[in-house]
Every structure is written in structure tokens, then in C-alpha cells.
$ cat target-v3.csv   # CSV, C-alpha atoms
chain,number,residue,atom,x,y,z
K,757,MET,CA,37.0,52.1,36.3
K,758,SER,CA,39.6,51.6,38.9
K,759,ALA,CA,43.0,50.0,38.1
K,760,PRO,CA,43.0,46.1,38.4
K,761,LEU,CA,46.0,46.3,40.7
K,762,GLN,CA,47.5,48.7,43.2
K,763,LEU,CA,51.2,49.1,44.1
K,764,THR,CA,52.4,50.8,47.3
K,765,ILE,CA,56.1,51.0,48.4
K,766,ALA,CA,56.9,52.2,51.9
K,767,ASP,CA,59.7,51.4,54.4
K,768,GLY,CA,61.3,48.9,52.2
K,769,ILE,CA,58.1,46.9,51.6
K,770,ALA,CA,56.2,46.8,48.3
K,771,GLU,CA,52.7,45.6,48.2
K,772,ILE,CA,50.8,44.6,45.0
K,773,ARG,CA,47.1,44.0,45.4
K,774,LEU,CA,45.2,42.4,42.5
K,775,ASP,CA,41.6,43.4,42.3
K,776,ASP,CA,39.7,43.6,39.0
K,777,GLY,CA,36.4,43.2,40.8
K,778,LYS,CA,36.0,39.7,39.4
K,779,VAL,CA,38.4,36.7,39.5
K,780,ASN,CA,41.6,38.6,38.8
K,781,ALA,CA,42.1,36.8,35.5
K,782,LEU,CA,45.6,37.1,34.3
K,783,SER,CA,45.0,38.6,30.9
K,784,GLU,CA,47.8,40.1,28.9
K,785,SER,CA,46.8,43.5,30.2
K,786,MET,CA,46.8,42.4,33.9
K,787,LEU,CA,50.1,40.6,33.4
K,788,GLU,CA,51.8,43.6,31.8
K,789,GLN,CA,50.6,45.8,34.7
K,790,LEU,CA,51.8,43.2,37.2
K,791,LEU,CA,55.2,43.0,35.5
K,792,ALA,CA,55.5,46.8,35.6
K,793,ALA,CA,54.7,46.9,39.3
K,794,ILE,CA,57.2,44.1,40.1
K,795,ALA,CA,59.9,46.0,38.1
K,796,LYS,CA,59.2,49.2,40.2
K,797,ALA,CA,59.4,47.2,43.4
K,798,ALA,CA,62.6,45.5,42.3
K,799,GLU,CA,64.1,48.9,41.3
K,800,ALA,CA,63.4,50.0,44.9
K,801,ASP,CA,65.0,46.8,46.3
K,802,ALA,CA,61.8,46.3,48.3
K,803,ALA,CA,60.6,43.0,49.8
K,804,LEU,CA,57.5,42.1,47.8
K,805,LEU,CA,54.1,41.1,49.1
K,806,ILE,CA,51.4,40.1,46.5
K,807,SER,CA,47.8,39.6,47.5
K,808,GLY,CA,44.4,39.4,45.8
K,809,ARG,CA,40.8,40.5,46.6
K,810,PRO,CA,38.7,39.0,49.3
K,811,GLY,CA,37.8,35.4,48.3
K,812,VAL,CA,40.0,35.3,45.2
K,813,PHE,CA,43.7,35.5,44.6
K,814,SER,CA,43.4,34.8,40.9
K,815,GLY,CA,41.7,32.4,38.6
K,816,GLY,CA,44.8,32.1,36.4
K,817,TYR,CA,45.0,32.9,32.7
K,818,ASP,CA,42.0,34.5,31.0
K,819,ARG,CA,39.9,31.5,30.1
K,820,LYS,CA,38.2,33.3,27.1
K,821,LEU,CA,41.7,33.9,25.6
K,822,ILE,CA,42.7,30.3,26.2
K,823,ASP,CA,39.5,29.0,24.5
K,824,ALA,CA,39.9,31.3,21.5
K,825,GLY,CA,43.6,30.6,21.0
K,826,GLY,CA,45.5,32.6,18.4
K,827,PRO,CA,47.9,35.5,18.7
K,828,ALA,CA,46.1,37.1,21.8
K,829,CYS,CA,46.4,33.8,23.7
K,830,ASP,CA,50.1,33.5,22.6
K,831,ALA,CA,50.8,37.0,23.8
K,832,MET,CA,49.2,36.3,27.2
K,833,ARG,CA,51.2,33.1,27.7
K,834,ALA,CA,54.4,34.9,26.7
K,835,ALA,CA,53.7,37.6,29.3
K,836,GLY,CA,53.1,34.8,31.8
K,837,ASP,CA,56.5,33.3,31.0
K,838,ARG,CA,58.0,36.8,31.7
K,839,LEU,CA,56.2,36.8,35.0
K,840,THR,CA,57.8,33.4,35.9
K,841,LEU,CA,61.2,34.9,35.2
K,842,ALA,CA,60.4,38.1,37.1
K,843,LEU,CA,59.5,36.1,40.2
K,844,LEU,CA,62.5,33.8,39.9
K,845,ASP,CA,64.9,36.8,39.4
K,846,TYR,CA,63.4,39.1,42.0
K,847,PRO,CA,66.3,40.5,44.1
K,848,ALA,CA,64.5,40.5,47.5
K,849,PRO,CA,62.0,38.4,49.4
K,850,VAL,CA,58.7,37.5,47.7
K,851,VAL,CA,55.7,36.6,49.8
K,852,ILE,CA,52.2,35.8,48.4
K,853,ALA,CA,49.1,36.0,50.5
K,854,ALA,CA,46.4,34.1,48.7
K,855,THR,CA,43.2,35.8,49.7
K,856,GLY,CA,41.1,33.0,48.2
K,857,HIS,CA,41.0,30.7,45.2
K,858,ALA,CA,44.3,30.3,43.2
K,859,MET,CA,43.9,28.4,40.0
K,860,ALA,CA,46.4,27.3,37.2
K,861,LYS,CA,48.9,30.1,36.6
K,862,ALA,CA,48.0,31.7,39.9
K,863,ALA,CA,48.9,28.4,41.7
K,864,PHE,CA,52.2,28.4,39.8
K,865,MET,CA,52.8,31.9,41.2
K,866,LEU,CA,52.5,30.4,44.7
K,867,LEU,CA,55.1,27.8,43.8
K,868,LEU,CA,57.5,30.6,42.8
K,869,ALA,CA,57.2,32.7,46.0
K,870,ASP,CA,59.6,32.4,49.0
K,871,TYR,CA,56.7,32.2,51.5
K,872,ARG,CA,53.0,31.5,50.8
K,873,LEU,CA,50.1,32.1,53.1
K,874,GLY,CA,46.6,30.8,52.3
K,875,THR,CA,43.2,31.6,53.7
K,876,GLU,CA,41.5,29.1,55.9
K,877,GLY,CA,38.3,27.7,54.3
K,878,ASP,CA,36.9,26.1,51.2
K,879,TYR,CA,39.1,27.9,48.7
K,880,ARG,CA,40.2,26.1,45.6
K,881,VAL,CA,43.8,25.6,44.6
K,882,SER,CA,44.6,23.6,41.5
K,883,LEU,CA,46.8,23.1,38.5
K,884,ASN,CA,43.7,22.5,36.4
K,885,GLU,CA,45.1,22.7,32.9
K,886,VAL,CA,44.2,19.1,32.0
K,887,ALA,CA,40.7,19.6,33.3
K,888,ILE,CA,40.1,22.5,31.0
K,889,GLY,CA,41.6,20.8,27.9
K,890,MET,CA,45.1,22.1,28.0
K,891,THR,CA,48.2,20.0,27.7
K,892,MET,CA,50.5,21.1,30.5
K,893,PRO,CA,53.1,23.4,29.0
K,894,ASP,CA,56.7,22.4,29.2
K,895,GLY,CA,57.7,25.4,31.3
K,896,ALA,CA,54.8,24.7,33.7
K,897,MET,CA,55.9,21.0,34.0
K,898,LEU,CA,59.4,22.2,34.9
K,899,GLN,CA,58.0,24.4,37.7
K,900,ALA,CA,55.8,21.6,39.0
K,901,ARG,CA,58.7,19.1,39.1
K,902,ALA,CA,61.0,21.5,40.8
K,903,ARG,CA,58.5,22.7,43.4
K,904,LEU,CA,56.2,19.8,44.2
K,905,SER,CA,57.1,16.5,45.9
K,906,PRO,CA,57.1,13.6,43.5
K,907,GLN,CA,54.2,11.8,45.3
K,908,TRP,CA,51.9,14.8,44.5
K,909,LEU,CA,52.8,15.2,40.8
K,910,ASN,CA,50.2,12.8,39.3
K,911,ARG,CA,47.4,14.2,41.4
K,912,CYS,CA,48.3,17.8,40.8
K,913,VAL,CA,49.5,17.8,37.2
K,914,LEU,CA,48.0,14.8,35.5
K,915,GLN,CA,44.7,14.5,37.4
K,916,ALA,CA,44.2,18.2,37.9
K,917,GLU,CA,43.0,17.6,41.4
K,918,VAL,CA,41.4,20.5,43.2
K,919,PHE,CA,42.5,21.1,46.8
K,920,ALA,CA,40.7,23.1,49.5
K,921,SER,CA,43.0,25.3,51.6
K,922,ALA,CA,44.0,22.5,54.1
K,923,GLY,CA,44.8,20.1,51.3
K,924,ALA,CA,46.8,22.8,49.5
K,925,LEU,CA,48.9,23.3,52.7
K,926,GLU,CA,49.6,19.5,52.8
K,927,VAL,CA,50.6,19.4,49.1
K,928,GLY,CA,53.0,22.3,49.5
K,929,PHE,CA,51.2,25.2,47.8
K,930,PHE,CA,51.1,27.0,51.1
K,931,ASP,CA,53.5,27.3,54.1
K,932,GLU,CA,50.7,28.3,56.5
K,933,LEU,CA,47.0,29.2,56.7
K,934,GLN,CA,45.4,32.1,58.4
K,935,PRO,CA,41.8,33.2,59.0
K,936,ALA,CA,40.8,35.8,56.4
K,937,GLU,CA,40.7,38.6,58.9
K,938,GLN,CA,44.3,37.9,60.0
K,939,LEU,CA,45.9,37.0,56.6
K,940,LEU,CA,47.3,40.3,55.5
K,941,GLN,CA,48.5,41.3,59.0
K,942,ARG,CA,50.4,38.0,59.3
K,943,ALA,CA,51.7,38.3,55.7
K,944,ARG,CA,53.0,41.8,56.3
K,945,ALA,CA,54.8,40.6,59.4
K,946,LYS,CA,56.4,37.8,57.5
K,947,THR,CA,57.5,40.1,54.7
K,948,ARG,CA,59.1,42.5,57.2
K,949,GLN,CA,60.8,39.6,58.9
K,950,LEU,CA,62.3,38.4,55.6
K,951,ALA,CA,63.2,41.9,54.7
K,952,GLY,CA,65.3,42.1,57.8
K,953,LEU,CA,67.6,39.3,56.7
K,954,ASN,CA,71.0,40.3,55.1
K,955,ARG,CA,69.9,41.5,51.7
K,956,ARG,CA,73.1,40.6,49.8
K,957,ALA,CA,73.2,37.1,51.2
K,958,TYR,CA,69.4,36.6,50.6
K,959,ARG,CA,69.7,37.8,47.0
K,960,GLU,CA,72.7,35.7,46.2
K,961,THR,CA,71.3,32.6,47.9
K,962,ARG,CA,67.9,33.1,46.2
K,963,ALA,CA,69.6,33.2,42.8
K,964,LEU,CA,71.6,30.0,43.6
K,965,LEU,CA,68.4,28.3,44.8
K,966,HIS,CA,66.5,29.2,41.6
K,967,ALA,CA,69.4,28.7,39.2
K,968,PRO,CA,68.6,25.1,38.0
K,969,LEU,CA,64.9,25.9,37.3
K,970,ARG,CA,65.7,29.2,35.7
K,971,GLU,CA,68.3,27.7,33.4
K,972,ALA,CA,66.0,24.9,32.3
K,973,PHE,CA,63.1,27.4,31.8
K,974,VAL,CA,65.2,29.8,29.7
K,975,GLY,CA,66.4,26.9,27.7
K,976,LEU,CA,62.8,26.1,26.6
K,977,GLN,CA,62.4,29.7,25.3
K,978,GLY,CA,65.0,29.0,22.7
$ encode --input "target-v3.csv" --output "C-alpha cells"
Amino acid sequence: MSAPLQLTIADGIAEIRLDDGKVNALSESMLEQLLAAIAKAAEADAALLISGRPGVFSGGYDRKLIDAGGPACDAMRAAGDRLTLALLDYPAPVVIAATGHAMAKAAFMLLLADYRLGTEGDYRVSLNEVAIGMTMPDGAMLQARARLSPQWLNRCVLQAEVFASAGALEVGFFDELQPAEQLLQRARAKTRQLAGLNRRAYRETRALLHAPLREAFVGLQG
């Protein structure tokens, strides 16, 4: 069986492609591999582009583990919290190309990227925790409040509204939409453009921008 993600680093650009052949569920195993890939990209000081498989960026946390609860679910969510910090702390530009649906934790990943591209069409984006019986975690609430406009919070967080790509662009999950066949080409061009900015200034300004959310998020971890 092939690896559920691939990492390539070339010419100052790191690309991580999620593809488990299904919905790219963020199990503990997938998250640990994603964290390791991000760490390698950060060590290389590479601008980072994360994408998914055709039609699916990620369905979010592994639903089976959420339904089962217990230590395995706790470990998955702890890995998810480390992913939040890894994205907040990344020392270079972060771009996400959502190749399709982006649900729950995957939608929160979009909110943590510097630039987000979506695929035109009827692809679902949602913070659907309430819809599947989960109380929105405190850390997730912090991210939603920090990244979404107040007029969208009730519909996104409380009502778990599902948005197609055009609606997700309006809400603020995406900065732009592209046809599927042009998405990665455009995302790579954007990543190269951001990588060309002064790296020290970008890194330090990015840290300042994320500092309030990061401090509040770490405070929840005890």
C-alpha cells in the first residue's frame, strides 16, 4: 500500500500531497506523518504547499475514532492540536490548495494557511462538529473567532452550515477559486510568489500576526 502522503522539496518549495485513496481522514497516523513532513519542510526553510487528492482535500478527523472515543480519539485530537501549532509556527509561507471537500479539522487547516485556493464546483466546506454530535472544542472556537468574520460565526460554528466552493469563498475559507485542472498550477505560482518575499520579514511578521491566537491556544493546553 502506498503512503497516504507524499513530500517533495525542490527549489525552496515543499509540497505535501495527501492521498490515502479515500477521504484523507486525519487519523493519528496521518497526522503524525503530516507533522513529520511539515517539520522536514520547516528545517529546509521551504515555502509550503499542501494539497489533497482529486475531489477531496480532507474529511477531517477520523470519524470512527470520534464515535468510539477513548484514548485513541484523545491521541488523534492531541496530534491535531500539534498540527495547529505547527501551522501557526511555520517559518515560511503556507499555501493550501483544497482539491475538493474540506470538512471540520481540514476546514480549520484552511483558516491557518496564509493563502487558500479552492476548487470550483459543488465541493463541501464545513465546520460540522455540531452536526456530528461534537461540542466545538475550546481551541477550535479560538481559531474560528480569530479567523472568521463575526457575521459568519453562528452559521459556521453553531449551525454547522455546509458551504459549496463559492459560498466558502464568501465566508472566508478561500482567497480564490480555480477550475480543478488549473488549481495546482495556480497554487504553485502563488507559493513561488510568496517565497520570493523577504524571508526574515515574512517570518517575523507572520509570528506577530499569529501571536494572539497562538498565546491563547497554548494557554488552553495548560
$ closest_atom_pairs --input "target-v3.csv" --of "stretch 883-914 of chain K" --to "stretch 821-838 of chain K" --cutoff "10 Å" --atoms "all atoms listed in the file" --output "CSV"
residue,atom,partner,partner_atom,distance
K:Ile888,CA,K:Asp823,CA,9.2
K:Gly889,CA,K:Asp823,CA,9.1
K:Met890,CA,K:Ile822,CA,8.7
K:Pro893,CA,K:Arg833,CA,10.0
K:Gly895,CA,K:Asp837,CA,8.0
K:Ala896,CA,K:Asp837,CA,9.2
$ write_last_selection --input "target-v3.csv" --atoms "C-alpha atoms" --output "mmCIF file, keeping the file's coordinate frame"
data_model
loop_
_atom_site.group_PDB
_atom_site.id
_atom_site.type_symbol
_atom_site.label_atom_id
_atom_site.label_comp_id
_atom_site.auth_asym_id
_atom_site.auth_seq_id
_atom_site.Cartn_x
_atom_site.Cartn_y
_atom_site.Cartn_z
ATOM 1 C CA ILE K 888 40.100 22.500 31.000
ATOM 2 C CA GLY K 889 41.600 20.800 27.900
ATOM 3 C CA MET K 890 45.100 22.100 28.000
ATOM 4 C CA PRO K 893 53.100 23.400 29.000
ATOM 5 C CA GLY K 895 57.700 25.400 31.300
ATOM 6 C CA ALA K 896 54.800 24.700 33.700
#
$ residues_around --input "target-v3.csv" --residues "stretch 852-854 of chain K" --least-positions-apart "5" --cutoff "9 Å" --atoms "all atoms listed in the file" --output "count of residues only"
23
$ closest_residue --input "target-v3.csv" --among "K:Gly816, K:Gly923, K:Pro810, K:Pro849" --to "K:Arg955" --atoms "all atoms listed in the file"
K:Pro849
$ residues_around --input "target-v3.csv" --residues "stretch 765-773 of chain K" --least-positions-apart "6" --cutoff "9 Å" --atoms "all atoms listed in the file" --output "number ranges by chain"
K: 790, 793-794, 796-798, 800-809, 944, 947-948, 951
$ closest_residue --input "target-v3.csv" --among "K:Ser905, K:Gln934, K:Gln762, K:Gln949" --to "K:Gly877" --atoms "all atoms listed in the file"
K:Gln934
$ atom_distance --input "target-v3.csv" --atom1 "atom CA of K:Ala967" --atom2 "atom CA of K:Glu784"
26.5 Å
$ closest_residue --input "target-v3.csv" --among "K:Ala902, K:Gly856, K:Ala848, K:Gln789" --to "K:Ala972" --atoms "only C-alpha atoms"
K:Ala902
$ atom_distance --input "target-v3.csv" --atom1 "atom CA of K:Thr764" --atom2 "atom CA of K:Tyr958"
22.4 Å
$ residues_around --input "target-v3.csv" --residues "K:Met897" --least-positions-apart "4" --cutoff "12 Å" --atoms "all atoms listed in the file" --output "number ranges by chain"
K: 860-861, 864, 867, 883, 885, 891-893, 901-904, 909-910, 912-914, 969, 972-973, 976
$ atom_distance --input "target-v3.csv" --atom1 "atom CA of K:Pro968" --atom2 "atom CA of K:Leu839"
17.3 Å
$ build_atoms --input "target-v3.csv" --residues "stretch 845-860 of chain K" --atoms "N, CA and C atoms" --output "PDB file, keeping the file's coordinate frame"
ATOM      1  N   ASP K 845      63.745  35.906  39.354  1.00  0.00           N
ATOM      2  CA  ASP K 845      64.900  36.800  39.400  1.00  0.00           C
ATOM      3  C   ASP K 845      64.730  37.941  40.416  1.00  0.00           C
ATOM      4  N   TYR K 846      63.627  37.984  41.128  1.00  0.00           N
ATOM      5  CA  TYR K 846      63.400  39.100  42.000  1.00  0.00           C
ATOM      6  C   TYR K 846      64.533  39.204  43.047  1.00  0.00           C
ATOM      7  N   PRO K 847      65.064  40.411  43.293  1.00  0.00           N
ATOM      8  CA  PRO K 847      66.300  40.500  44.100  1.00  0.00           C
ATOM      9  C   PRO K 847      66.067  40.602  45.602  1.00  0.00           C
ATOM     10  N   ALA K 848      64.843  40.391  46.050  1.00  0.00           N
ATOM     11  CA  ALA K 848      64.500  40.500  47.500  1.00  0.00           C
ATOM     12  C   ALA K 848      63.431  39.470  47.796  1.00  0.00           C
ATOM     13  N   PRO K 849      63.057  39.348  49.055  1.00  0.00           N
ATOM     14  CA  PRO K 849      62.000  38.400  49.400  1.00  0.00           C
ATOM     15  C   PRO K 849      60.716  38.572  48.698  1.00  0.00           C
ATOM     16  N   VAL K 850      60.056  37.452  48.364  1.00  0.00           N
ATOM     17  CA  VAL K 850      58.700  37.500  47.700  1.00  0.00           C
ATOM     18  C   VAL K 850      57.781  36.647  48.571  1.00  0.00           C
ATOM     19  N   VAL K 851      56.717  37.285  49.017  1.00  0.00           N
ATOM     20  CA  VAL K 851      55.700  36.600  49.800  1.00  0.00           C
ATOM     21  C   VAL K 851      54.359  36.777  49.061  1.00  0.00           C
ATOM     22  N   ILE K 852      53.570  35.715  49.037  1.00  0.00           N
ATOM     23  CA  ILE K 852      52.200  35.800  48.400  1.00  0.00           C
ATOM     24  C   ILE K 852      51.203  35.445  49.508  1.00  0.00           C
ATOM     25  N   ALA K 853      50.196  36.282  49.633  1.00  0.00           N
ATOM     26  CA  ALA K 853      49.100  36.000  50.500  1.00  0.00           C
ATOM     27  C   ALA K 853      47.863  35.729  49.618  1.00  0.00           C
ATOM     28  N   ALA K 854      47.512  34.461  49.527  1.00  0.00           N
ATOM     29  CA  ALA K 854      46.400  34.100  48.700  1.00  0.00           C
ATOM     30  C   ALA K 854      45.097  34.307  49.445  1.00  0.00           C
ATOM     31  N   THR K 855      44.391  35.326  49.047  1.00  0.00           N
ATOM     32  CA  THR K 855      43.200  35.800  49.700  1.00  0.00           C
ATOM     33  C   THR K 855      41.970  34.900  49.409  1.00  0.00           C
ATOM     34  N   GLY K 856      42.158  33.857  48.628  1.00  0.00           N
ATOM     35  CA  GLY K 856      41.100  33.000  48.200  1.00  0.00           C
ATOM     36  C   GLY K 856      41.552  31.991  47.184  1.00  0.00           C
ATOM     37  N   HIS K 857      40.707  31.729  46.190  1.00  0.00           N
ATOM     38  CA  HIS K 857      41.000  30.700  45.200  1.00  0.00           C
ATOM     39  C   HIS K 857      42.289  31.118  44.386  1.00  0.00           C
ATOM     40  N   ALA K 858      43.081  30.092  44.035  1.00  0.00           N
ATOM     41  CA  ALA K 858      44.300  30.300  43.200  1.00  0.00           C
ATOM     42  C   ALA K 858      44.357  29.127  42.237  1.00  0.00           C
ATOM     43  N   MET K 859      44.059  29.421  40.984  1.00  0.00           N
ATOM     44  CA  MET K 859      43.900  28.400  40.000  1.00  0.00           C
ATOM     45  C   MET K 859      45.006  28.528  38.890  1.00  0.00           C
ATOM     46  N   ALA K 860      45.477  27.389  38.389  1.00  0.00           N
ATOM     47  CA  ALA K 860      46.400  27.300  37.200  1.00  0.00           C
ATOM     48  C   ALA K 860      47.560  28.255  37.373  1.00  0.00           C
TER      49      ALA K 860
END
